[in-house]
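What follows is coords.cif (mmCIF, N, CA and C atoms).
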data_upload
loop_
_atom_site.label_atom_id
_atom_site.label_comp_id
_atom_site.auth_asym_id
_atom_site.auth_seq_id
_atom_site.Cartn_x
_atom_site.Cartn_y
_atom_site.Cartn_z
N MET A 937 8.68 -19.18 -55.63
CA MET A 937 9.77 -19.01 -54.69
C MET A 937 10.42 -17.65 -54.85
N ARG A 938 10.49 -17.19 -56.05
CA ARG A 938 11.10 -15.90 -56.31
C ARG A 938 10.32 -14.76 -55.65
N ARG A 939 9.02 -14.89 -55.72
CA ARG A 939 8.18 -13.84 -55.15
C ARG A 939 8.38 -13.76 -53.63
N ARG A 940 8.52 -14.93 -52.98
CA ARG A 940 8.71 -14.94 -51.54
C ARG A 940 10.04 -14.30 -51.15
N ARG A 941 11.11 -14.61 -51.84
CA ARG A 941 12.40 -14.03 -51.53
C ARG A 941 12.41 -12.52 -51.75
N SER A 942 11.77 -12.05 -52.78
CA SER A 942 11.75 -10.61 -53.02
C SER A 942 10.94 -9.88 -51.96
N TRP A 943 9.89 -10.51 -51.49
CA TRP A 943 9.10 -9.90 -50.41
C TRP A 943 9.94 -9.82 -49.13
N LEU A 944 10.66 -10.90 -48.82
CA LEU A 944 11.49 -10.93 -47.64
C LEU A 944 12.61 -9.91 -47.74
N ARG A 945 13.23 -9.78 -48.89
CA ARG A 945 14.29 -8.79 -49.07
C ARG A 945 13.74 -7.37 -48.94
N ALA A 946 12.57 -7.17 -49.43
CA ALA A 946 11.97 -5.83 -49.38
C ALA A 946 11.64 -5.44 -47.94
N TRP A 947 11.17 -6.38 -47.15
CA TRP A 947 10.73 -6.09 -45.80
C TRP A 947 11.82 -6.32 -44.74
N ALA A 948 12.94 -6.86 -45.11
CA ALA A 948 14.00 -7.16 -44.14
C ALA A 948 14.43 -5.93 -43.35
N PRO A 949 14.67 -4.78 -43.97
CA PRO A 949 15.07 -3.61 -43.17
C PRO A 949 13.98 -3.18 -42.17
N VAL A 950 12.73 -3.30 -42.55
CA VAL A 950 11.63 -2.93 -41.65
C VAL A 950 11.57 -3.90 -40.47
N ILE A 951 11.70 -5.19 -40.75
CA ILE A 951 11.66 -6.20 -39.70
C ILE A 951 12.83 -6.02 -38.74
N ILE A 952 14.00 -5.76 -39.27
CA ILE A 952 15.18 -5.54 -38.44
C ILE A 952 15.01 -4.27 -37.60
N GLY A 953 14.47 -3.23 -38.19
CA GLY A 953 14.25 -1.98 -37.47
C GLY A 953 13.26 -2.15 -36.33
N ILE A 954 12.16 -2.84 -36.59
CA ILE A 954 11.14 -3.07 -35.55
C ILE A 954 11.72 -3.93 -34.43
N THR A 955 12.49 -4.94 -34.79
CA THR A 955 13.11 -5.80 -33.78
C THR A 955 14.09 -5.00 -32.92
N ALA A 956 14.91 -4.17 -33.55
CA ALA A 956 15.87 -3.34 -32.81
C ALA A 956 15.14 -2.37 -31.87
N LEU A 957 14.05 -1.77 -32.36
CA LEU A 957 13.26 -0.85 -31.54
C LEU A 957 12.64 -1.58 -30.34
N ALA A 958 12.11 -2.77 -30.58
CA ALA A 958 11.51 -3.55 -29.49
C ALA A 958 12.56 -3.91 -28.44
N LEU A 959 13.76 -4.28 -28.87
CA LEU A 959 14.83 -4.60 -27.92
C LEU A 959 15.26 -3.37 -27.13
N ALA A 960 15.30 -2.22 -27.78
CA ALA A 960 15.67 -0.98 -27.09
C ALA A 960 14.62 -0.62 -26.04
N VAL A 961 13.35 -0.73 -26.38
CA VAL A 961 12.27 -0.43 -25.44
C VAL A 961 12.32 -1.40 -24.26
N ALA A 962 12.56 -2.68 -24.53
CA ALA A 962 12.65 -3.68 -23.47
C ALA A 962 13.84 -3.37 -22.55
N GLY A 963 14.95 -2.92 -23.12
CA GLY A 963 16.12 -2.58 -22.32
C GLY A 963 15.86 -1.40 -21.41
N VAL A 964 15.21 -0.36 -21.93
CA VAL A 964 14.88 0.81 -21.12
C VAL A 964 13.91 0.43 -20.02
N ALA A 965 12.92 -0.39 -20.34
CA ALA A 965 11.95 -0.83 -19.33
C ALA A 965 12.64 -1.63 -18.23
N ALA A 966 13.61 -2.46 -18.60
CA ALA A 966 14.35 -3.24 -17.60
C ALA A 966 15.16 -2.33 -16.68
N LEU A 967 15.76 -1.28 -17.23
CA LEU A 967 16.53 -0.34 -16.42
C LEU A 967 15.64 0.41 -15.44
N VAL A 968 14.49 0.85 -15.92
CA VAL A 968 13.56 1.58 -15.06
C VAL A 968 13.02 0.67 -13.97
N SER A 969 12.63 -0.56 -14.32
CA SER A 969 12.06 -1.46 -13.32
C SER A 969 13.10 -1.91 -12.31
N ALA A 970 14.36 -1.91 -12.67
CA ALA A 970 15.41 -2.30 -11.72
C ALA A 970 15.55 -1.26 -10.60
N GLN A 971 15.12 -0.03 -10.86
CA GLN A 971 15.23 1.02 -9.86
C GLN A 971 13.98 1.11 -8.99
N GLU A 972 12.91 0.48 -9.38
CA GLU A 972 11.67 0.51 -8.63
C GLU A 972 11.41 -0.86 -8.01
N PRO A 973 10.73 -0.90 -6.86
CA PRO A 973 10.37 -2.20 -6.29
C PRO A 973 9.52 -2.98 -7.29
N THR A 974 9.74 -4.26 -7.39
CA THR A 974 9.00 -5.08 -8.34
C THR A 974 7.80 -5.76 -7.70
N HIS A 975 7.48 -5.39 -6.48
CA HIS A 975 6.39 -6.01 -5.76
C HIS A 975 5.42 -4.94 -5.31
N GLY A 976 4.21 -5.34 -5.00
CA GLY A 976 3.21 -4.38 -4.57
C GLY A 976 3.46 -3.87 -3.17
N ARG A 977 2.82 -2.76 -2.88
CA ARG A 977 2.97 -2.17 -1.56
C ARG A 977 1.63 -1.61 -1.11
N ALA A 978 1.22 -1.99 0.10
CA ALA A 978 0.02 -1.42 0.70
C ALA A 978 0.32 0.03 1.05
N GLU A 979 -0.58 0.94 0.72
CA GLU A 979 -0.32 2.37 0.88
C GLU A 979 -0.19 2.83 2.32
N ASP A 980 -0.80 2.11 3.25
CA ASP A 980 -0.79 2.57 4.64
C ASP A 980 0.22 1.82 5.51
N VAL A 981 1.19 1.16 4.87
CA VAL A 981 2.21 0.41 5.61
C VAL A 981 3.57 1.05 5.38
N ALA A 982 4.27 1.34 6.46
CA ALA A 982 5.63 1.90 6.36
C ALA A 982 6.60 0.78 6.03
N VAL A 983 7.56 1.07 5.14
CA VAL A 983 8.52 0.06 4.71
C VAL A 983 9.94 0.62 4.76
N PHE A 984 10.92 -0.30 4.70
CA PHE A 984 12.31 0.10 4.64
C PHE A 984 13.07 -0.85 3.72
N ARG A 985 14.21 -0.36 3.20
CA ARG A 985 15.11 -1.13 2.35
C ARG A 985 16.52 -0.85 2.80
N PRO A 986 17.44 -1.75 2.74
CA PRO A 986 17.30 -3.19 2.46
C PRO A 986 16.80 -3.91 3.70
N PRO A 987 16.39 -5.18 3.56
CA PRO A 987 15.92 -5.95 4.73
C PRO A 987 17.03 -6.12 5.75
N LEU A 988 16.64 -6.35 6.99
CA LEU A 988 17.61 -6.62 8.07
C LEU A 988 18.29 -7.96 7.83
N THR A 989 19.55 -8.02 8.18
CA THR A 989 20.27 -9.29 8.09
C THR A 989 20.71 -9.69 9.48
N GLY A 990 21.00 -10.94 9.65
CA GLY A 990 21.42 -11.44 10.95
C GLY A 990 20.26 -11.56 11.92
N ARG A 991 20.56 -11.93 13.11
CA ARG A 991 19.51 -12.10 14.14
C ARG A 991 19.28 -10.78 14.85
N SER A 992 18.03 -10.38 14.94
CA SER A 992 17.68 -9.12 15.60
C SER A 992 17.25 -9.40 17.04
N PRO A 993 17.81 -8.69 17.99
CA PRO A 993 17.58 -9.01 19.40
C PRO A 993 16.26 -8.51 19.99
N ASP A 994 15.69 -7.47 19.43
CA ASP A 994 14.52 -6.85 20.06
C ASP A 994 13.22 -7.56 19.66
N VAL A 995 12.33 -7.69 20.61
CA VAL A 995 11.00 -8.26 20.36
C VAL A 995 9.99 -7.33 21.00
N ILE A 996 8.96 -6.98 20.23
CA ILE A 996 7.84 -6.22 20.81
C ILE A 996 6.57 -7.02 20.59
N ARG A 997 5.66 -6.88 21.55
CA ARG A 997 4.38 -7.59 21.47
C ARG A 997 3.27 -6.55 21.56
N GLY A 998 2.22 -6.83 20.82
CA GLY A 998 1.09 -5.92 20.85
C GLY A 998 0.08 -6.27 19.78
N ASP A 999 -0.85 -5.35 19.55
CA ASP A 999 -1.92 -5.55 18.57
C ASP A 999 -1.68 -4.65 17.37
N LEU A 1000 -1.72 -5.23 16.19
CA LEU A 1000 -1.56 -4.47 14.96
C LEU A 1000 -2.86 -3.72 14.67
N ARG A 1001 -2.75 -2.42 14.41
CA ARG A 1001 -3.91 -1.57 14.14
C ARG A 1001 -3.73 -0.86 12.81
N ARG A 1002 -4.83 -0.62 12.16
CA ARG A 1002 -4.86 0.10 10.88
C ARG A 1002 -5.82 1.26 11.06
N GLU A 1003 -5.24 2.48 11.19
CA GLU A 1003 -6.06 3.65 11.49
C GLU A 1003 -5.67 4.84 10.64
N ALA A 1004 -6.64 5.48 10.05
CA ALA A 1004 -6.48 6.76 9.37
C ALA A 1004 -5.27 6.79 8.43
N GLY A 1005 -5.11 5.77 7.62
CA GLY A 1005 -4.05 5.77 6.62
C GLY A 1005 -2.69 5.36 7.13
N CYS A 1006 -2.63 4.69 8.29
CA CYS A 1006 -1.35 4.26 8.84
C CYS A 1006 -1.54 2.94 9.58
N THR A 1007 -0.48 2.14 9.62
CA THR A 1007 -0.49 0.88 10.35
C THR A 1007 0.43 1.02 11.56
N TYR A 1008 -0.13 0.77 12.74
CA TYR A 1008 0.59 0.90 14.00
C TYR A 1008 0.59 -0.43 14.74
N LEU A 1009 1.45 -0.50 15.75
CA LEU A 1009 1.39 -1.60 16.71
C LEU A 1009 1.17 -0.97 18.07
N ASP A 1010 0.04 -1.29 18.71
CA ASP A 1010 -0.20 -0.84 20.09
C ASP A 1010 0.46 -1.87 21.00
N GLY A 1011 1.61 -1.48 21.57
CA GLY A 1011 2.40 -2.40 22.38
C GLY A 1011 1.77 -2.71 23.71
N ARG A 1012 2.11 -3.85 24.25
CA ARG A 1012 1.63 -4.25 25.57
C ARG A 1012 2.13 -3.30 26.65
N ASP A 1013 3.23 -2.58 26.35
CA ASP A 1013 3.79 -1.64 27.32
C ASP A 1013 3.09 -0.29 27.29
N GLY A 1014 2.03 -0.16 26.48
CA GLY A 1014 1.27 1.08 26.40
C GLY A 1014 1.76 2.06 25.35
N ARG A 1015 2.88 1.77 24.70
CA ARG A 1015 3.40 2.66 23.66
C ARG A 1015 2.83 2.27 22.30
N ARG A 1016 2.69 3.26 21.44
CA ARG A 1016 2.26 3.04 20.06
C ARG A 1016 3.49 3.13 19.17
N TRP A 1017 3.69 2.12 18.34
CA TRP A 1017 4.85 2.02 17.46
C TRP A 1017 4.44 2.20 16.01
N ILE A 1018 5.24 2.91 15.24
CA ILE A 1018 5.12 2.85 13.79
C ILE A 1018 6.04 1.71 13.37
N VAL A 1019 5.44 0.70 12.79
CA VAL A 1019 6.17 -0.50 12.40
C VAL A 1019 6.61 -0.35 10.96
N LEU A 1020 7.90 -0.54 10.70
CA LEU A 1020 8.44 -0.51 9.35
C LEU A 1020 8.73 -1.95 8.94
N PHE A 1021 8.04 -2.39 7.90
CA PHE A 1021 8.24 -3.74 7.40
C PHE A 1021 9.23 -3.69 6.23
N PRO A 1022 9.97 -4.77 5.99
CA PRO A 1022 10.88 -4.77 4.85
C PRO A 1022 10.09 -4.65 3.55
N ASP A 1023 10.63 -3.91 2.60
CA ASP A 1023 9.95 -3.66 1.33
C ASP A 1023 10.09 -4.89 0.43
N LEU A 1024 9.39 -5.96 0.84
CA LEU A 1024 9.43 -7.22 0.10
C LEU A 1024 8.08 -7.55 -0.51
N GLY A 1025 7.21 -6.57 -0.53
CA GLY A 1025 5.84 -6.78 -1.00
C GLY A 1025 4.91 -6.81 0.19
N THR A 1026 3.99 -5.85 0.27
CA THR A 1026 3.02 -5.80 1.35
C THR A 1026 1.63 -5.74 0.74
N ARG A 1027 0.70 -6.47 1.35
CA ARG A 1027 -0.68 -6.44 0.86
C ARG A 1027 -1.62 -6.80 2.00
N TRP A 1028 -2.81 -6.26 1.92
CA TRP A 1028 -3.87 -6.59 2.89
C TRP A 1028 -4.78 -7.63 2.26
N GLU A 1029 -5.09 -8.65 3.02
CA GLU A 1029 -6.10 -9.63 2.63
C GLU A 1029 -7.00 -9.82 3.82
N ASN A 1030 -8.27 -9.45 3.63
CA ASN A 1030 -9.24 -9.49 4.72
C ASN A 1030 -8.68 -8.70 5.90
N ASP A 1031 -8.51 -9.31 7.03
CA ASP A 1031 -8.03 -8.60 8.22
C ASP A 1031 -6.60 -9.01 8.58
N ALA A 1032 -5.76 -9.16 7.56
CA ALA A 1032 -4.37 -9.53 7.83
C ALA A 1032 -3.44 -8.84 6.83
N LEU A 1033 -2.28 -8.47 7.32
CA LEU A 1033 -1.23 -7.90 6.48
C LEU A 1033 -0.26 -9.02 6.11
N PHE A 1034 0.05 -9.11 4.84
CA PHE A 1034 1.03 -10.07 4.37
C PHE A 1034 2.27 -9.31 3.91
N VAL A 1035 3.41 -9.72 4.42
CA VAL A 1035 4.70 -9.18 4.00
C VAL A 1035 5.47 -10.38 3.49
N GLU A 1036 5.70 -10.38 2.16
CA GLU A 1036 6.24 -11.55 1.50
C GLU A 1036 5.33 -12.71 1.85
N ARG A 1037 5.79 -13.70 2.61
CA ARG A 1037 4.93 -14.85 2.96
C ARG A 1037 4.49 -14.83 4.42
N SER A 1038 4.90 -13.82 5.17
CA SER A 1038 4.52 -13.74 6.58
C SER A 1038 3.17 -13.05 6.73
N ARG A 1039 2.36 -13.56 7.68
CA ARG A 1039 1.01 -13.05 7.90
C ARG A 1039 0.94 -12.40 9.28
N TYR A 1040 0.37 -11.17 9.32
CA TYR A 1040 0.20 -10.43 10.57
C TYR A 1040 -1.26 -10.03 10.71
N PRO A 1041 -2.03 -10.72 11.58
CA PRO A 1041 -3.46 -10.40 11.72
C PRO A 1041 -3.68 -9.08 12.45
N LEU A 1042 -4.74 -8.39 12.08
CA LEU A 1042 -5.15 -7.15 12.74
C LEU A 1042 -5.84 -7.44 14.06
N ASP A 1043 -5.66 -6.53 15.00
CA ASP A 1043 -6.38 -6.54 16.27
C ASP A 1043 -6.21 -7.85 17.05
N ARG A 1044 -5.07 -8.50 16.86
CA ARG A 1044 -4.74 -9.70 17.62
C ARG A 1044 -3.31 -9.58 18.10
N SER A 1045 -3.03 -10.16 19.22
CA SER A 1045 -1.70 -10.06 19.80
C SER A 1045 -0.68 -10.77 18.92
N ILE A 1046 0.40 -10.05 18.57
CA ILE A 1046 1.47 -10.61 17.77
C ILE A 1046 2.80 -10.23 18.41
N ALA A 1047 3.83 -10.95 18.06
CA ALA A 1047 5.19 -10.63 18.50
C ALA A 1047 6.02 -10.37 17.26
N LEU A 1048 6.75 -9.26 17.26
CA LEU A 1048 7.59 -8.89 16.13
C LEU A 1048 9.04 -8.85 16.58
N ARG A 1049 9.92 -9.44 15.79
CA ARG A 1049 11.36 -9.41 16.07
C ARG A 1049 11.98 -8.39 15.13
N GLY A 1050 12.89 -7.59 15.63
CA GLY A 1050 13.52 -6.59 14.79
C GLY A 1050 14.42 -5.67 15.57
N ARG A 1051 14.33 -4.39 15.24
CA ARG A 1051 15.24 -3.41 15.84
C ARG A 1051 14.50 -2.10 16.12
N VAL A 1052 14.65 -1.59 17.32
CA VAL A 1052 14.10 -0.28 17.70
C VAL A 1052 15.02 0.78 17.10
N VAL A 1053 14.44 1.78 16.42
CA VAL A 1053 15.26 2.80 15.75
C VAL A 1053 14.62 4.17 15.90
N LYS A 1054 15.43 5.19 15.60
CA LYS A 1054 14.94 6.55 15.42
C LYS A 1054 15.04 6.86 13.94
N ILE A 1055 14.15 7.68 13.45
CA ILE A 1055 14.14 8.06 12.04
C ILE A 1055 14.90 9.37 11.90
N PRO A 1056 15.76 9.57 10.92
CA PRO A 1056 16.14 8.65 9.84
C PRO A 1056 17.10 7.57 10.36
N VAL A 1057 17.08 6.43 9.68
CA VAL A 1057 17.91 5.29 10.07
C VAL A 1057 19.10 5.22 9.12
N SER A 1058 20.28 5.31 9.67
CA SER A 1058 21.49 5.26 8.85
C SER A 1058 21.59 3.90 8.15
N GLY A 1059 21.81 3.95 6.84
CA GLY A 1059 21.97 2.73 6.06
C GLY A 1059 20.69 2.15 5.50
N PHE A 1060 19.55 2.73 5.83
CA PHE A 1060 18.27 2.23 5.34
C PHE A 1060 17.47 3.36 4.70
N ARG A 1061 16.76 3.03 3.64
CA ARG A 1061 15.80 3.97 3.03
C ARG A 1061 14.43 3.62 3.55
N THR A 1062 13.73 4.61 4.08
CA THR A 1062 12.40 4.36 4.62
C THR A 1062 11.34 5.09 3.81
N ASP A 1063 10.15 4.53 3.79
CA ASP A 1063 9.00 5.15 3.16
C ASP A 1063 7.84 5.04 4.15
N ILE A 1064 7.53 6.16 4.79
CA ILE A 1064 6.49 6.19 5.82
C ILE A 1064 5.30 6.96 5.26
N PRO A 1065 4.10 6.37 5.28
CA PRO A 1065 2.93 7.07 4.75
C PRO A 1065 2.75 8.44 5.41
N GLY A 1066 2.33 9.41 4.63
CA GLY A 1066 2.14 10.76 5.13
C GLY A 1066 1.09 10.87 6.22
N ASP A 1067 0.18 9.89 6.28
CA ASP A 1067 -0.88 9.92 7.29
C ASP A 1067 -0.43 9.38 8.65
N CYS A 1068 0.79 8.84 8.72
CA CYS A 1068 1.29 8.33 10.00
C CYS A 1068 1.72 9.50 10.87
N ARG A 1069 1.09 9.62 12.03
CA ARG A 1069 1.49 10.66 12.97
C ARG A 1069 2.67 10.15 13.78
N PRO A 1070 3.72 10.93 13.88
CA PRO A 1070 4.91 10.46 14.63
C PRO A 1070 4.55 10.06 16.05
N THR A 1071 5.02 8.90 16.44
CA THR A 1071 4.78 8.41 17.79
C THR A 1071 6.03 8.47 18.64
N GLY A 1072 7.17 8.69 17.99
CA GLY A 1072 8.45 8.67 18.70
C GLY A 1072 9.06 7.29 18.76
N PHE A 1073 8.27 6.26 18.43
CA PHE A 1073 8.76 4.89 18.50
C PHE A 1073 8.63 4.22 17.13
N PHE A 1074 9.75 3.76 16.60
CA PHE A 1074 9.78 3.09 15.31
C PHE A 1074 10.43 1.73 15.49
N PHE A 1075 9.97 0.76 14.71
CA PHE A 1075 10.50 -0.60 14.84
C PHE A 1075 10.67 -1.21 13.44
N LEU A 1076 11.92 -1.59 13.11
CA LEU A 1076 12.20 -2.29 11.86
C LEU A 1076 11.95 -3.77 12.08
N VAL A 1077 11.08 -4.37 11.28
CA VAL A 1077 10.70 -5.77 11.46
C VAL A 1077 11.58 -6.68 10.62
N GLN A 1078 12.02 -7.76 11.21
CA GLN A 1078 12.73 -8.79 10.46
C GLN A 1078 11.74 -9.90 10.14
N VAL A 1079 11.59 -10.20 8.85
CA VAL A 1079 10.65 -11.23 8.42
C VAL A 1079 11.38 -12.56 8.38
#
Please re-express this file's structure in structure tokens.
Amino acid sequence: MRRRRSWLRAWAPVIIGITALALAVAGVAALVSAQEPTHGRAEDVAVFRPPLTGRSPDVIRGDLRREAGCTYLDGRDGRRWIVLFPDLGTRWENDALFVERSRYPLDRSIALRGRVVKIPVSGFRTDIPGDCRPTGFFFLVQV
């Protein structure tokens, strides 16, 4: 028993130091991750933060397209829209875009509810892929 206690006393400062260091590293990692989105993002999808709140009056209909590093909506009215989805996690699976739990199929008619905007949008941070060519028409989607 004596040998065990002496070993513990000898190593106690090292164990305490390693524990303190691990807690400090975890704290720094938590601070850094709090500033970055914690969800994945498809590289060719434009996003915005924070998500829209309340009921959004505008609805656009068209076909979702994925071309040359950008995701567009070709509207039924003949206009091409750069669609900004809320930064809640975006991913492509087969031929569909998933934003959080909502599914948007490619090359099929869809209806999106949200808000027509000009960039920059006051009160929102946007991230638009560099490959998106400005169309003049932007739409914030409410999921």
For Glu1029 of chain A, list every protein, DNA or RNA residue within 12 Å, evaluated using only C-alpha atoms, and leave out those in the same chain fewer than 5 positions away; present the list as a ChimeraX atom specification. /A:978,1034-1035,1039-1042
Expressed in Å, the length from atom N of Gly1014 of chain A to atom CA of Asp1067 of chain A is 21.9 Å
Which one of A:Phe984, A:Tyr1008, A:Trp947, A:Phe1060 sits closest to Leu1024 of chain A if you count all atoms listed in the file?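 Between A:Phe984, A:Tyr1008, A:Trp947, A:Phe1060, the residue approaching Leu1024 of chain A most closely is A:Phe984.
The space between atom CA of Asn1030 of chain A and atom CA of Asp999 of chain A spans 16.2 Å.
With all atoms listed in the file as the basis for measurement, A:Ile1018 is the residue among A:Val1052, A:Ala1047, A:Ala946, A:Ile1018 that approaches Thr1071 of chain A most closely.
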Of the listed residues A:Gly1050, A:Val1079, A:Pro993, A:Val1019, that which approaches Thr1007 of chain A most closely, counting all atoms listed in the file: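 Selected residue with least distance to Thr1007 of chain A: A:Val1019.
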Å distance separating atom C of Gln1078 of chain A from atom N of Arg1037 of chain A, one decimal place: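 Straight-line distance from atom C of Gln1078 of chain A to atom N of Arg1037 of chain A works out to 10.3 Å.
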Write out as a PyMOL selection string the set of residues from segment 962-1075 of chain A that DSSP, computed on the backbone, places in strand (DSSP E or B). chain A and resi 982-985+994-1003+1006-1011+1016-1022+1026-1029+1032-1035+1038-1042+1045-1053+1061-1063+1074-1075
I need the residues from that last selection saved to file as a compact mmCIF listing (two decimals), in the coordinates of the input (with N, CA and C atoms), if you can.
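Wrote part20.txt, looks like this:
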# COMPACT_ATOMS: atom_id res chain seq x y z
N ALA A 982 4.27 1.34 6.46
CA ALA A 982 5.63 1.90 6.36
C ALA A 982 6.60 0.78 6.03
N VAL A 983 7.56 1.07 5.14
CA VAL A 983 8.52 0.06 4.71
C VAL A 983 9.94 0.62 4.76
N PHE A 984 10.92 -0.30 4.70
CA PHE A 984 12.31 0.10 4.64
C PHE A 984 13.07 -0.85 3.72
N ARG A 985 14.21 -0.36 3.20
CA ARG A 985 15.11 -1.13 2.35
C ARG A 985 16.52 -0.85 2.80
N ASP A 994 15.69 -7.47 19.43
CA ASP A 994 14.52 -6.85 20.06
C ASP A 994 13.22 -7.56 19.66
N VAL A 995 12.33 -7.69 20.61
CA VAL A 995 11.00 -8.26 20.36
C VAL A 995 9.99 -7.33 21.00
N ILE A 996 8.96 -6.98 20.23
CA ILE A 996 7.84 -6.22 20.81
C ILE A 996 6.57 -7.02 20.59
N ARG A 997 5.66 -6.88 21.55
CA ARG A 997 4.38 -7.59 21.47
C ARG A 997 3.27 -6.55 21.56
N GLY A 998 2.22 -6.83 20.82
CA GLY A 998 1.09 -5.92 20.85
C GLY A 998 0.08 -6.27 19.78
N ASP A 999 -0.85 -5.35 19.55
CA ASP A 999 -1.92 -5.55 18.57
C ASP A 999 -1.68 -4.65 17.37
N LEU A 1000 -1.72 -5.23 16.19
CA LEU A 1000 -1.56 -4.47 14.96
C LEU A 1000 -2.86 -3.72 14.67
N ARG A 1001 -2.75 -2.42 14.41
CA ARG A 1001 -3.91 -1.57 14.14
C ARG A 1001 -3.73 -0.86 12.81
N ARG A 1002 -4.83 -0.62 12.16
CA ARG A 1002 -4.86 0.10 10.88
C ARG A 1002 -5.82 1.26 11.06
N GLU A 1003 -5.24 2.48 11.19
CA GLU A 1003 -6.06 3.65 11.49
C GLU A 1003 -5.67 4.84 10.64
N CYS A 1006 -2.63 4.69 8.29
CA CYS A 1006 -1.35 4.26 8.84
C CYS A 1006 -1.54 2.94 9.58
N THR A 1007 -0.48 2.14 9.62
CA THR A 1007 -0.49 0.88 10.35
C THR A 1007 0.43 1.02 11.56
N TYR A 1008 -0.13 0.77 12.74
CA TYR A 1008 0.59 0.90 14.00
C TYR A 1008 0.59 -0.43 14.74
N LEU A 1009 1.45 -0.50 15.75
CA LEU A 1009 1.39 -1.60 16.71
C LEU A 1009 1.17 -0.97 18.07
N ASP A 1010 0.04 -1.29 18.71
CA ASP A 1010 -0.20 -0.84 20.09
C ASP A 1010 0.46 -1.87 21.00
N GLY A 1011 1.61 -1.48 21.57
CA GLY A 1011 2.40 -2.40 22.38
C GLY A 1011 1.77 -2.71 23.71
N ARG A 1016 2.69 3.26 21.44
CA ARG A 1016 2.26 3.04 20.06
C ARG A 1016 3.49 3.13 19.17
N TRP A 1017 3.69 2.12 18.34
CA TRP A 1017 4.85 2.02 17.46
C TRP A 1017 4.44 2.20 16.01
N ILE A 1018 5.24 2.91 15.24
CA ILE A 1018 5.12 2.85 13.79
C ILE A 1018 6.04 1.71 13.37
N VAL A 1019 5.44 0.70 12.79
CA VAL A 1019 6.17 -0.50 12.40
C VAL A 1019 6.61 -0.35 10.96
N LEU A 1020 7.90 -0.54 10.70
CA LEU A 1020 8.44 -0.51 9.35
C LEU A 1020 8.73 -1.95 8.94
N PHE A 1021 8.04 -2.39 7.90
CA PHE A 1021 8.24 -3.74 7.40
C PHE A 1021 9.23 -3.69 6.23
N PRO A 1022 9.97 -4.77 5.99
CA PRO A 1022 10.88 -4.77 4.85
C PRO A 1022 10.09 -4.65 3.55
N THR A 1026 3.99 -5.85 0.27
CA THR A 1026 3.02 -5.80 1.35
C THR A 1026 1.63 -5.74 0.74
N ARG A 1027 0.70 -6.47 1.35
CA ARG A 1027 -0.68 -6.44 0.86
C ARG A 1027 -1.62 -6.80 2.00
N TRP A 1028 -2.81 -6.26 1.92
CA TRP A 1028 -3.87 -6.59 2.89
C TRP A 1028 -4.78 -7.63 2.26
N GLU A 1029 -5.09 -8.65 3.02
CA GLU A 1029 -6.10 -9.63 2.63
C GLU A 1029 -7.00 -9.82 3.82
N ALA A 1032 -5.76 -9.16 7.56
CA ALA A 1032 -4.37 -9.53 7.83
C ALA A 1032 -3.44 -8.84 6.83
N LEU A 1033 -2.28 -8.47 7.32
CA LEU A 1033 -1.23 -7.90 6.48
C LEU A 1033 -0.26 -9.02 6.11
N PHE A 1034 0.05 -9.11 4.84
CA PHE A 1034 1.03 -10.07 4.37
C PHE A 1034 2.27 -9.31 3.91
N VAL A 1035 3.41 -9.72 4.42
CA VAL A 1035 4.70 -9.18 4.00
C VAL A 1035 5.47 -10.38 3.49
N SER A 1038 4.90 -13.82 5.17
CA SER A 1038 4.52 -13.74 6.58
C SER A 1038 3.17 -13.05 6.73
N ARG A 1039 2.36 -13.56 7.68
CA ARG A 1039 1.01 -13.05 7.90
C ARG A 1039 0.94 -12.40 9.28
N TYR A 1040 0.37 -11.17 9.32
CA TYR A 1040 0.20 -10.43 10.57
C TYR A 1040 -1.26 -10.03 10.71
N PRO A 1041 -2.03 -10.72 11.58
CA PRO A 1041 -3.46 -10.40 11.72
C PRO A 1041 -3.68 -9.08 12.45
N LEU A 1042 -4.74 -8.39 12.08
CA LEU A 1042 -5.15 -7.15 12.74
C LEU A 1042 -5.84 -7.44 14.06
N SER A 1045 -3.03 -10.16 19.22
CA SER A 1045 -1.70 -10.06 19.80
C SER A 1045 -0.68 -10.77 18.92
N ILE A 1046 0.40 -10.05 18.57
CA ILE A 1046 1.47 -10.61 17.77
C ILE A 1046 2.80 -10.23 18.41
N ALA A 1047 3.83 -10.95 18.06
CA ALA A 1047 5.19 -10.63 18.50
C ALA A 1047 6.02 -10.37 17.26
N LEU A 1048 6.75 -9.26 17.26
CA LEU A 1048 7.59 -8.89 16.13
C LEU A 1048 9.04 -8.85 16.58
N ARG A 1049 9.92 -9.44 15.79
CA ARG A 1049 11.36 -9.41 16.07
C ARG A 1049 11.98 -8.39 15.13
N GLY A 1050 12.89 -7.59 15.63
CA GLY A 1050 13.52 -6.59 14.79
C GLY A 1050 14.42 -5.67 15.57
N ARG A 1051 14.33 -4.39 15.24
CA ARG A 1051 15.24 -3.41 15.84
C ARG A 1051 14.50 -2.10 16.12
N VAL A 1052 14.65 -1.59 17.32
CA VAL A 1052 14.10 -0.28 17.70
C VAL A 1052 15.02 0.78 17.10
N VAL A 1053 14.44 1.78 16.42
CA VAL A 1053 15.26 2.80 15.75
C VAL A 1053 14.62 4.17 15.90
N ARG A 1061 16.76 3.03 3.64
CA ARG A 1061 15.80 3.97 3.03
C ARG A 1061 14.43 3.62 3.55
N THR A 1062 13.73 4.61 4.08
CA THR A 1062 12.40 4.36 4.62
C THR A 1062 11.34 5.09 3.81
N ASP A 1063 10.15 4.53 3.79
CA ASP A 1063 9.00 5.15 3.16
C ASP A 1063 7.84 5.04 4.15
N PHE A 1074 9.75 3.76 16.60
CA PHE A 1074 9.78 3.09 15.31
C PHE A 1074 10.43 1.73 15.49
N PHE A 1075 9.97 0.76 14.71
CA PHE A 1075 10.50 -0.60 14.84
C PHE A 1075 10.67 -1.21 13.44
Which residue, A:Arg1044, A:Lys1054, A:Arg985, A:Arg1061, has the smallest gap to Arg1002 of chain A when you use only C-alpha atoms? A:Arg1044
